[in-house]
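Written below as structure tokens is the structure these notes are about.
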Amino acid sequence: MRTEEVLAAIATGLWRWDNAAGTVTLDAEAARLLGLPPEPGSYRESAVRSRFHPVDWNEIYGVVNLAVAEGSLAEARLRIVDERGQVLRTVRSRSKPILRTDENADEDADTGAYVLYGTLQEVAEPQPGSTDAAHTPITGDWRRSREAFLLDAGRALAEARSTAEVLRVAGSLSMPGFSPDGLAVFGSAGERLTIIGHHGHNMGDEEPFTDMPLDTDYPAAEVVRTGRAIYLPSPDEYRRRYPATWPLARRFGRQSWAFLPLVSSGRTMGAWMAGFQHPVGFSPDERAVLSTVARMLAQALARAGVAETERELSLGLQRSMMPTLGPEIPGMTVAARYVPTGGGLQVGGDWYDMIPLPNGRIALVIGDVQGHDVRAAGLMGQLRIALRAYASEGHRPDAVLSRASRFLSGLTDAYESVEGDEEPAAPRFATCLYAEVDPEAGTLDIARAGHPDPVVISADGTAVIRQTAGGLPLGIETDSDYPTTRVVLEPGETIMLCTDGLIETGGHDMATGWTRLRPVLEKPVEDLEQLADALVQAVHGPTSHYTTGPLADRREDDIAVLVLRRESAPAPEAPPRRSVLTIAQAEPERISVGRQLVRELLHDWSDAEQVDSAVLMVSEMATNVLVHTDGDALMVAEVSGELGERRLRVEVADASDELPHKRRPGEMASSGRGLVLMEMLADAWGVDPRGEGKSIWFELYESEGLGG
């Protein structure tokens, strides 16, 4: 029996399609299946084309071209129609494209000419989920659904901004015709397999696969090692290829699995597993869909990883550099805002700070480093630390800014030398306003380095720019002078400090920006937090677009604003008792005078043991100055507060920068017990560095209510 007779007996026809000649040769069975006279013959391509559903004819080209490129079989499912367009039957085509080998072979190879040899066989319409459906290649509407699915999946994955969002999108993917019911994304850390995320599994199901060595006989581990996809169409195939880990997969009750590499920038970063409850044959079309999704998933995970790293860097910078307010200022209220607008790092060159000073006062600092980039943020952080250090040493405002200018000038020179190999970095400068606040007197000693002047709002609501003396911005010159201006805040008055971003944002200059802010400052508010919010809203809120200035409406500058209000004066307290005494190196006997002064200050103190302790500590502090330094000692003793809740504070200052150290003297030692005594006897004590020298102090509280 001939081959044609055998094929005809099983309702299978043969066809030969020469795309260069535009002819199709059919045997009798193939002609019958196509609705043509059941006899062998050669037909024009147009005659055969009229027998295929139009959609299927268009789609068949893609299947054939893929087979030509891969050297594989072209499998398709095609609908046959009659002259009226009614579907007669569905046939399955399995064909092998072969490039032409005649005298025009070279020319045909260049133009993609080929001859298609194959079979046609009638098939019944498969039921969804059946084995036939799983193994039947599909064309037509399914292909359009696939393309629409890939477009939607690509769009959704491109919009995901975090790993969690990528995994959520991957879990919601519904593939046309063979949607998986379980997904898992694997990564690698060193030589171990990790699970980044999963979908369609219960809590704890991932534990056996977590921290698995990469040399384990497991499909995902092999994919990560080799970078090649693995398709397992049946449980038998899984059990045959991976017997060691088959028991782990068997309990999920799935029928087919696909493990695909996640490749980004040429590197295999992990693997993606798709599991199916129904059998899947993994036809070329299905593999193409899975491979495309895996590539998009890898790119989305890589983008999300970079974005999360940048966010973590940004949050770290914010946590370390974001301005903060210190402790409350007695008799005053303070509020502040910082609005970064210059980039994705959410940290710019503007800052504010509140610094407790050794003399009991508070320093308010606000400044603006030139630029809105990472370098500006770095310089801001270094300059802010330097200002805190200089202020904590007890320097006056003018000295703090002079030292800061010298520091920034040297810092920008260092940047230039480091970056000079490629393109020299332009020197940076910074504007700054430093105010030393005396809460008791309500005074602010202000030094200004090229920064906008402060605004004082009187108790009746009138806002006035307070002109203050100033110098060059920090970093312009190594040695610069910064004169100091004293501003007195009366009870109920408020002072506002800000960077130029608050004034100039929205296309304003200094004059028009002040005109825009003045009504906001003069509007009565009880809470300074409301005032700070109102100032920011005036610049960046919805209404700010209706109050733009004469210049280009740019909103690139950061904003820092600091407002301070002196509250109404409280009821007067009892006047403090104070004594001041200088003990010279040549007059050590004056230490006894100091002891006597302290006893007289505490003549009505209720606890005699506290009086003896205070006298002992004064004697110890003064003696240490005369013994361990070459200068004189200045003692200031003060008793303040109401009867029964009073506080004694004694300070002994000297001109030496050497700080005392606590020692552990032996039983026979004659010195070294001073700080140990302070720690045992004082309710509070400390050592404060000053501009020149230091001050050691202690406090005693008449009642436990104050001392804690």
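Residues are referred to by chain and number: the chain letter is A, B, ... according to the order shown in the structure tokens, the number counts from 1 in that chain, and ligands are numbered separately from 1 in the order shown.
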Next on the checklist: So that I can see what lies close to A:Thr119, please list as a VMD selection string the residues with an atom at most 6 Å from it, counting only C-alpha atoms and leaving out residues fewer than 3 positions away in the same chain.
Outcome noted: chain A and resid 13 to 14 93 to 94
Write out the residues from the selection above, keeping C-alpha atoms, as a CSV table (one decimal), in the first residue's frame.
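After the write, part.csv holds the following:
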chain,number,residue,atom,x,y,z
A,13,GLY,CA,-3.9,14.8,3.0
A,14,LEU,CA,-0.6,16.0,1.6
A,93,SER,CA,-1.6,21.7,9.4
A,94,ARG,CA,1.9,20.3,10.2
Item to check | Test item: residues at most 12 Å from A:Asp604, only C-alpha atoms, excluding those fewer than 3 positions along its chain, as a list in words | outcome: Val598, Arg599, Glu600, Leu601, Asp607, Ala608, Gln610, Val611, Val639, Leu643, Gly644, Arg646 and Glu702 of chain A
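Of note, atom CA of A:Val580 and atom CA of A:Asp683 are spaced 21.6 Å apart.
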Checklist entry - If you count only C-alpha atoms, which residues fall within 8 Å of stretch 581-588 of chain A, apart from same-chain ones fewer than 4 positions away, as a ChimeraX atom specification? => result /A:594,622-623,626,630-636
Selection to disk with C-alpha atoms, as a PDB file, in the first residue's frame:
ATOM      1  CA  GLY A 594      34.184  81.321  97.268  1.00  0.00           C
ATOM      2  CA  ALA A 622      38.368  76.081  91.912  1.00  0.00           C
ATOM      3  CA  THR A 623      41.368  74.113  93.162  1.00  0.00           C
ATOM      4  CA  LEU A 626      44.626  76.670  89.938  1.00  0.00           C
ATOM      5  CA  ASP A 630      47.974  78.630  84.182  1.00  0.00           C
ATOM      6  CA  GLY A 631      44.991  80.989  84.277  1.00  0.00           C
ATOM      7  CA  ASP A 632      42.501  82.390  86.737  1.00  0.00           C
ATOM      8  CA  ALA A 633      39.160  80.897  87.721  1.00  0.00           C
ATOM      9  CA  LEU A 634      35.835  82.746  87.346  1.00  0.00           C
ATOM     10  CA  MET A 635      33.088  81.475  89.631  1.00  0.00           C
ATOM     11  CA  VAL A 636      29.408  82.349  89.070  1.00  0.00           C
TER      12      VAL A 636
END
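In the backbone-derived DSSP annotation, strand (DSSP E) within stretch 322-410 of chain A comprises Met332, Thr333, Val334, Ala335, Ala336, Arg337, Tyr338, Val339, Asp350, Trp351, Tyr352, Asp353, Met354, Ile355, Pro356, Ile362, Ala363, Leu364, Val365, Ile366, Gly367, Asp368 and Val369 of chain A.
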Can I get the selection written as a PDB file, in the first residue's frame, with N, CA, C and O atoms?
ATOM      1  N   MET A 332       9.275  80.708  74.411  1.00  0.00           N
ATOM      2  CA  MET A 332       9.198  80.937  72.973  1.00  0.00           C
ATOM      3  C   MET A 332       8.609  79.723  72.272  1.00  0.00           C
ATOM      4  O   MET A 332       8.684  78.593  72.776  1.00  0.00           O
ATOM      5  N   THR A 333       8.017  79.952  71.106  1.00  0.00           N
ATOM      6  CA  THR A 333       7.474  78.885  70.274  1.00  0.00           C
ATOM      7  C   THR A 333       8.156  78.939  68.918  1.00  0.00           C
ATOM      8  O   THR A 333       8.389  80.028  68.375  1.00  0.00           O
ATOM      9  N   VAL A 334       8.478  77.777  68.378  1.00  0.00           N
ATOM     10  CA  VAL A 334       9.175  77.727  67.098  1.00  0.00           C
ATOM     11  C   VAL A 334       8.495  76.699  66.195  1.00  0.00           C
ATOM     12  O   VAL A 334       7.975  75.689  66.656  1.00  0.00           O
ATOM     13  N   ALA A 335       8.437  76.984  64.899  1.00  0.00           N
ATOM     14  CA  ALA A 335       7.911  76.061  63.887  1.00  0.00           C
ATOM     15  C   ALA A 335       8.769  76.201  62.640  1.00  0.00           C
ATOM     16  O   ALA A 335       9.363  77.261  62.388  1.00  0.00           O
ATOM     17  N   ALA A 336       8.834  75.130  61.850  1.00  0.00           N
ATOM     18  CA  ALA A 336       9.692  75.149  60.662  1.00  0.00           C
ATOM     19  C   ALA A 336       9.113  74.232  59.605  1.00  0.00           C
ATOM     20  O   ALA A 336       8.343  73.304  59.895  1.00  0.00           O
ATOM     21  N   ARG A 337       9.482  74.495  58.367  1.00  0.00           N
ATOM     22  CA  ARG A 337       9.101  73.661  57.236  1.00  0.00           C
ATOM     23  C   ARG A 337      10.282  73.565  56.269  1.00  0.00           C
ATOM     24  O   ARG A 337      11.048  74.516  56.102  1.00  0.00           O
ATOM     25  N   TYR A 338      10.379  72.388  55.631  1.00  0.00           N
ATOM     26  CA  TYR A 338      11.369  72.195  54.578  1.00  0.00           C
ATOM     27  C   TYR A 338      10.678  71.522  53.403  1.00  0.00           C
ATOM     28  O   TYR A 338      10.031  70.484  53.563  1.00  0.00           O
ATOM     29  N   VAL A 339      10.779  72.110  52.220  1.00  0.00           N
ATOM     30  CA  VAL A 339      10.121  71.584  51.022  1.00  0.00           C
ATOM     31  C   VAL A 339      11.186  71.383  49.946  1.00  0.00           C
ATOM     32  O   VAL A 339      11.638  72.348  49.327  1.00  0.00           O
ATOM     33  N   ASP A 350      19.068  73.428  50.826  1.00  0.00           N
ATOM     34  CA  ASP A 350      18.522  74.274  51.889  1.00  0.00           C
ATOM     35  C   ASP A 350      18.457  73.496  53.205  1.00  0.00           C
ATOM     36  O   ASP A 350      18.275  72.281  53.209  1.00  0.00           O
ATOM     37  N   TRP A 351      18.577  74.213  54.311  1.00  0.00           N
ATOM     38  CA  TRP A 351      18.458  73.560  55.612  1.00  0.00           C
ATOM     39  C   TRP A 351      18.153  74.599  56.685  1.00  0.00           C
ATOM     40  O   TRP A 351      18.294  75.801  56.479  1.00  0.00           O
ATOM     41  N   TYR A 352      17.694  74.108  57.812  1.00  0.00           N
ATOM     42  CA  TYR A 352      17.599  74.929  59.017  1.00  0.00           C
ATOM     43  C   TYR A 352      18.054  74.073  60.183  1.00  0.00           C
ATOM     44  O   TYR A 352      18.135  72.848  60.092  1.00  0.00           O
ATOM     45  N   ASP A 353      18.370  74.710  61.310  1.00  0.00           N
ATOM     46  CA  ASP A 353      18.851  73.967  62.465  1.00  0.00           C
ATOM     47  C   ASP A 353      18.588  74.773  63.730  1.00  0.00           C
ATOM     48  O   ASP A 353      18.455  76.010  63.681  1.00  0.00           O
ATOM     49  N   MET A 354      18.499  74.078  64.843  1.00  0.00           N
ATOM     50  CA  MET A 354      18.352  74.700  66.155  1.00  0.00           C
ATOM     51  C   MET A 354      19.378  74.054  67.075  1.00  0.00           C
ATOM     52  O   MET A 354      19.359  72.831  67.260  1.00  0.00           O
ATOM     53  N   ILE A 355      20.293  74.835  67.634  1.00  0.00           N
ATOM     54  CA  ILE A 355      21.460  74.301  68.332  1.00  0.00           C
ATOM     55  C   ILE A 355      21.486  74.832  69.762  1.00  0.00           C
ATOM     56  O   ILE A 355      21.552  76.056  69.978  1.00  0.00           O
ATOM     57  N   PRO A 356      21.434  73.973  70.777  1.00  0.00           N
ATOM     58  CA  PRO A 356      21.627  74.437  72.164  1.00  0.00           C
ATOM     59  C   PRO A 356      23.073  74.889  72.353  1.00  0.00           C
ATOM     60  O   PRO A 356      24.019  74.221  71.930  1.00  0.00           O
ATOM     61  N   ILE A 362      20.100  79.567  72.666  1.00  0.00           N
ATOM     62  CA  ILE A 362      19.778  78.712  71.516  1.00  0.00           C
ATOM     63  C   ILE A 362      20.220  79.426  70.241  1.00  0.00           C
ATOM     64  O   ILE A 362      20.003  80.637  70.094  1.00  0.00           O
ATOM     65  N   ALA A 363      20.827  78.675  69.328  1.00  0.00           N
ATOM     66  CA  ALA A 363      21.191  79.228  68.018  1.00  0.00           C
ATOM     67  C   ALA A 363      20.196  78.723  66.979  1.00  0.00           C
ATOM     68  O   ALA A 363      19.901  77.526  66.915  1.00  0.00           O
ATOM     69  N   LEU A 364      19.671  79.649  66.171  1.00  0.00           N
ATOM     70  CA  LEU A 364      18.838  79.309  65.024  1.00  0.00           C
ATOM     71  C   LEU A 364      19.657  79.553  63.765  1.00  0.00           C
ATOM     72  O   LEU A 364      20.238  80.630  63.601  1.00  0.00           O
ATOM     73  N   VAL A 365      19.681  78.554  62.884  1.00  0.00           N
ATOM     74  CA  VAL A 365      20.476  78.645  61.655  1.00  0.00           C
ATOM     75  C   VAL A 365      19.580  78.305  60.484  1.00  0.00           C
ATOM     76  O   VAL A 365      18.789  77.359  60.542  1.00  0.00           O
ATOM     77  N   ILE A 366      19.695  79.059  59.411  1.00  0.00           N
ATOM     78  CA  ILE A 366      19.012  78.742  58.165  1.00  0.00           C
ATOM     79  C   ILE A 366      19.952  79.086  57.025  1.00  0.00           C
ATOM     80  O   ILE A 366      20.687  80.090  57.089  1.00  0.00           O
ATOM     81  N   GLY A 367      19.999  78.246  56.003  1.00  0.00           N
ATOM     82  CA  GLY A 367      20.954  78.482  54.931  1.00  0.00           C
ATOM     83  C   GLY A 367      20.559  77.798  53.641  1.00  0.00           C
ATOM     84  O   GLY A 367      19.612  77.013  53.578  1.00  0.00           O
ATOM     85  N   ASP A 368      21.342  78.087  52.602  1.00  0.00           N
ATOM     86  CA  ASP A 368      21.046  77.603  51.249  1.00  0.00           C
ATOM     87  C   ASP A 368      22.355  77.439  50.499  1.00  0.00           C
ATOM     88  O   ASP A 368      23.036  78.426  50.207  1.00  0.00           O
ATOM     89  N   VAL A 369      22.730  76.176  50.216  1.00  0.00           N
ATOM     90  CA  VAL A 369      23.911  75.899  49.408  1.00  0.00           C
ATOM     91  C   VAL A 369      23.536  76.021  47.939  1.00  0.00           C
ATOM     92  O   VAL A 369      22.466  75.551  47.519  1.00  0.00           O
TER      93      VAL A 369
END
Item to check | Spatial neighbours of stretch 297-313 of chain A, 6 Å, only C-alpha atoms, chain gap at least 4 places, as a count of residues only | outcome: 8
